[in-house]
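Student: Have a look at the structure that comes next, please.
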Amino acid sequence: MIHARGLVQVFTTGKGKKKREVRAVDGVDLDVAEGEVVGFLGPNGAGKTTTLRMLTTLLRPTAGTATVNGFDVVADPVSVRRSIGYVSQAGGTFSQAQAGDEIVDHGMLYGLSRAEATRRGQALFSELQLDGLWERMPKNMSGGQKRRLDIVMGLVHQPSLVFLDEPTTGLDPQARANLWEHIRRLRTERGATIFLTTHYLDEADELSDRILIIDNGRIVAADTPDNLKAQVSGDLVALEVADAAAVTTAAEKLASVSGVNGGGRIEVDGRHVRGRVPRAGRAVPGLLRDLDASGISLDSIEVIRPTLDDVFLTLTGRSLRDAETERDPGGDPTEIESGFAAPTSDESSRRTEQEVAR
């Protein structure tokens with residue numbers, strides 16, 4: 001469904017002596033198979049949205065090639081646009097239009113009749129729990145309702161490939177969980193291929209068949225969530241020792257099951273001892289027997305499976321959250337000299353969506 005090689009996007013920012021080039025995407029290779037849900041994970045400013053904009057023909061690549069649904073993004077952008085659904089980070093609905101009118105207009109831009117666009121739109125409203133909101137304006141909807149409305153707009157023409165750019169940003173936990181369920185149903189009930197950009201670790205882990213991790217414009221990992229987490233050297237075992245005098249001995253015992261000589265990778269903080277243990281489920285019972293035989297009592301023990309943040313730390317030497325603070329908090333550059341400016345308001349986002357449809 002998606003095949004890209006050597007994608008590059010260079011932005012020019014500033015003017016005069018302050019003018020500089022920003023290599024937002026630096027040689028990205030990626031493949032997405034039919035029916036996959038692929039999570040595109042990385043910190044703000046890593047190149048996620050810029051890559052997505054190239055794949056959806058909103059930005060012309062500086063270099064490299066890409067085909068989407070079999071169509072070249074440069075040579076045949078119209079066919080790409082006709083074959084995909086796109087839910088932008090900013091949203092695509094006009095806040096002061098009736099929701100149903102927005103959906104029908106969007107469907108008609110894809111060549112549907114008014115009657116067919118209305119039928120499909122109303123069916124999607126029911127499926128995505130938007131019953132009774134057909135005549136409501138988006139400005140009067142909750143955040144979760146507006147995001148589901150954006151998804152209806154991206155699906156009304158029944159695309160086989162859907163791009164979702166940060167679909168749950170700004171939503172409360174309940175709204176996020178509900179939207180996750182709707183995203184799963186896109187694949188299970190509609191057979192859609194989904195390309196999902198996010199910087200939420202739990203979201204990528206929960207929804208994705210496969211994850212691509214991008215950092216500084218380059219893909220640094222691509223695999224299933226479980227395989228990526230298997231690259232981390234073991235589960236994290238955290239002990240809280242009852243007697244502070246026994247901490248050193250407890251650290252030695254933990255080091256012995258972690259395979260670390262001398263406890264070099266064992267952390268001690270007060271009465272807390274932490275370290276990574278391969279196959280902790282097998283090792284912990286023996287560790288507890290050893291601690292008990294040595295007269296060491298514990299107030300608590302916790303075994304924590306590796307997370308995608310641990311994967312990012314293993315690959316880059318820093319956590320994903322740390323990387324967030326190092327990058328431009330505004331994300332990918334938007335004030336650029338590239339021939340296309342990213343949407344910055346509901347109205348401009350709506351025009352952007354209509355450009356994609358045309």
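By convention in this document, the chains of the structure tokens carry letters A, B, ... by their order, each chain's residues are numbered from 1, and ligands are numbered from 1 in the order they are shown.
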Step one, run DSSP on the backbone; step two, keep only residues of range 67-232 of chain A assigned to strand (DSSP E or B); then write them as a ChimeraX atom specification.
Tutor: /A:67-68,71-72,84-87,161-165,193-198,210-215,218-223
Student: Would you mind exporting C-alpha atoms of the selected residues as a short mmCIF file (atom, residue, chain, number, x, y, z; two decimals), in the first residue's frame?
Tutor:
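To be explicit, this is the file written out as selection-v4.cif:
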```
data_model
loop_
_atom_site.label_atom_id
_atom_site.label_comp_id
_atom_site.auth_asym_id
_atom_site.auth_seq_id
_atom_site.Cartn_x
_atom_site.Cartn_y
_atom_site.Cartn_z
CA THR A 67 4.06 5.16 -4.25
CA VAL A 68 0.76 5.11 -2.35
CA PHE A 71 0.32 5.61 -7.54
CA ASP A 72 3.42 7.79 -7.60
CA ILE A 84 -6.83 7.68 0.42
CA GLY A 85 -8.54 9.09 3.48
CA TYR A 86 -6.67 11.76 5.44
CA VAL A 87 -7.42 13.00 8.95
CA LEU A 161 -5.90 3.45 3.01
CA VAL A 162 -6.42 5.93 5.85
CA PHE A 163 -3.83 8.38 7.21
CA LEU A 164 -4.43 9.52 10.79
CA ASP A 165 -2.17 12.33 12.01
CA THR A 193 -4.96 -0.10 5.98
CA ILE A 194 -4.10 2.54 8.59
CA PHE A 195 -1.02 4.72 8.84
CA LEU A 196 -1.09 6.37 12.26
CA THR A 197 1.30 9.08 13.43
CA THR A 198 1.54 9.59 17.17
CA ARG A 210 3.98 -2.77 13.43
CA ILE A 211 5.79 0.35 14.58
CA LEU A 212 8.18 2.66 12.76
CA ILE A 213 10.25 4.91 15.02
CA ILE A 214 11.61 8.13 13.52
CA ASP A 215 14.19 10.41 15.15
CA ARG A 218 15.47 9.09 10.04
CA ILE A 219 13.83 5.72 10.71
CA VAL A 220 15.73 4.18 13.62
CA ALA A 221 13.59 1.05 14.09
CA ALA A 222 10.79 -0.89 12.38
CA ASP A 223 9.17 -4.01 13.83
#
```
Student: Mind checking which residues fall within 10 Å of Ile183 in chain A, counting only C-alpha atoms, ignoring those fewer than 6 positions away in the same chain, and posting them as a list in words?
Tutor: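 Listed by chain and then number, they are Val37, Leu128, Arg148, Ile151, Leu164, Pro167, Ala177, Ala192, Ile194, Leu196 and Leu207 of chain A.
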Student: Show which residues sit within 6 Å of Val237 in chain A, as an MDAnalysis selection string. Count only C-alpha atoms, and ignore same-chain residues fewer than 5 positions away.
Tutor: chainID A and resid 274:276 302:303
Student: Would you pick out the contacts of range 115-126 of chain A at 12 Å or less, using only C-alpha atoms, so that residues sharing its chain but fewer than 2 positions from it are not included, and give the list as number ranges by chain?
Tutor: A: 99-113, 128-135, 145-146, 148-158, 182, 185-186, 190
Student: Write a file of the selected residues as a short mmCIF file (atom, residue, chain, number, x, y, z; two decimals), in the first residue's frame, keeping C-alpha atoms.
Tutor:
```cif
data_model
loop_
_atom_site.label_atom_id
_atom_site.label_comp_id
_atom_site.auth_asym_id
_atom_site.auth_seq_id
_atom_site.Cartn_x
_atom_site.Cartn_y
_atom_site.Cartn_z
CA ALA A 99 -21.55 18.72 10.54
CA GLY A 100 -23.74 16.87 8.06
CA ASP A 101 -23.25 19.52 5.39
CA GLU A 102 -19.49 19.23 5.80
CA ILE A 103 -19.59 15.47 5.31
CA VAL A 104 -21.88 15.65 2.27
CA ASP A 105 -19.77 18.38 0.67
CA HIS A 106 -16.63 16.34 1.23
CA GLY A 107 -18.21 13.21 -0.24
CA MET A 108 -19.34 15.13 -3.30
CA LEU A 109 -15.77 16.38 -3.82
CA TYR A 110 -14.88 12.70 -4.22
CA GLY A 111 -17.55 12.25 -6.87
CA LEU A 112 -20.39 10.87 -4.75
CA SER A 113 -23.94 12.00 -5.39
CA LEU A 128 -19.01 6.33 15.36
CA GLN A 129 -21.58 7.28 17.99
CA LEU A 130 -22.42 10.69 16.54
CA ASP A 131 -26.19 10.10 16.38
CA GLY A 132 -28.17 13.31 16.72
CA LEU A 133 -25.25 15.56 15.72
CA TRP A 134 -25.91 15.78 11.97
CA GLU A 135 -27.15 19.38 12.23
CA GLN A 145 -16.93 14.25 18.94
CA LYS A 146 -14.93 16.57 16.67
CA ARG A 148 -14.75 11.32 15.34
CA LEU A 149 -16.30 13.78 12.89
CA ASP A 150 -12.87 14.24 11.31
CA ILE A 151 -12.66 10.47 10.90
CA VAL A 152 -16.10 10.38 9.24
CA MET A 153 -14.83 12.98 6.77
CA GLY A 154 -11.81 10.81 6.03
CA LEU A 155 -13.95 7.68 5.51
CA VAL A 156 -17.06 8.87 3.68
CA HIS A 157 -15.62 7.93 0.28
CA GLN A 158 -14.62 4.46 1.58
CA HIS A 182 -13.13 3.02 16.49
CA ARG A 185 -12.84 -1.34 13.83
CA LEU A 186 -11.60 0.44 10.70
CA ARG A 190 -13.74 -2.34 6.92
#
```
Student: Which residues are close to Arg282 in chain A, i.e. within 12 Å by only C-alpha atoms, leaving aside same-chain residues fewer than 6 positions away? Reply as JSON, numbers by chain.
Tutor: {"A": [234, 235, 257, 258, 288, 303]}
Student: Using CA of Gly295 in chain A and CA of Gly270 in chain A as the two end points, give the distance in Å to one decimal.
Tutor: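 Value for the CA of Gly295 in chain A-CA of Gly270 in chain A distance: 18.7 Å.
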Student: Quick one: residues within 12 Å of Arg60 in chain A, only C-alpha atoms, excluding same-chain residues fewer than 4 positions away - as a list of chain:residue names?
Tutor: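 Listed by chain and then number, they are A:Leu7, A:Val8, A:Gln9, A:Val10, A:Phe11, A:Thr50, A:Thr51, A:Leu52, A:Arg53, A:Met54, A:Leu55, A:Thr56, A:Gly64, A:Thr65, A:Ala66, A:Asp72, A:Val73, A:Val74, A:Ala75, A:Asp76, A:Pro77, A:Ser338, A:Gly339, A:Phe340.
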Student: Report the residues of range 3-96 of chain A whose backbone DSSP state falls under alpha helix (DSSP H), written as a ChimeraX atom specification.
Tutor: /A:48-55,77-83
Student: I need the residue nearest Gly70 in chain A from this list: A:Ser95, A:Ser160, A:Ser294, A:Thr314. Use only C-alpha atoms for the distance.
Tutor: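 Distance minimum relative to Gly70 in chain A lands on A:Ser160.
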Student: Skip Gly6 in chain A itself and residues of its chain fewer than 2 positions away, then list as JSON, numbers by chain all residues within 6 Å of it, counting only C-alpha atoms.
Tutor: {"A": [27, 28, 29, 64]}
Student: Those residues with N, CA, C and O atoms, as a JSON list (two decimals), in the first residue's frame please?
Tutor:
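File result_33.json, as written:
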```json
[["chain", "number", "residue", "atom", "x", "y", "z"],
["A", 27, "GLY", "N", 16.06, 10.90, 4.28],
["A", 27, "GLY", "CA", 16.28, 9.58, 3.69],
["A", 27, "GLY", "C", 15.43, 8.48, 4.29],
["A", 27, "GLY", "O", 15.95, 7.44, 4.70],
["A", 28, "VAL", "N", 14.12, 8.67, 4.32],
["A", 28, "VAL", "CA", 13.21, 7.69, 4.93],
["A", 28, "VAL", "C", 12.85, 6.60, 3.94],
["A", 28, "VAL", "O", 12.42, 6.88, 2.83],
["A", 29, "ASP", "N", 13.02, 5.34, 4.37],
["A", 29, "ASP", "CA", 12.54, 4.17, 3.65],
["A", 29, "ASP", "C", 11.44, 3.54, 4.48],
["A", 29, "ASP", "O", 11.61, 3.33, 5.68],
["A", 64, "GLY", "N", 13.91, 11.55, -3.35],
["A", 64, "GLY", "CA", 13.35, 10.25, -3.03],
["A", 64, "GLY", "C", 12.09, 9.96, -3.82],
["A", 64, "GLY", "O", 11.59, 10.80, -4.59]]
```
Student: Point out the residue among A:Ser83, A:Ser319, A:Ser208, A:Thr169 with the least atom-to-atom distance to Gly143 in chain A, counting only C-alpha atoms.
Tutor: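 Nearest candidate to Gly143 in chain A out of A:Ser83, A:Ser319, A:Ser208, A:Thr169: A:Thr169.
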Student: Considering only C-alpha atoms, state which residue in the set A:Val232, A:Ala46, A:Val277, A:Ala242 is at the smallest distance from Leu254 in chain A.
Tutor: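 Answer, going by the shortest atom-to-atom distance: A:Val277.
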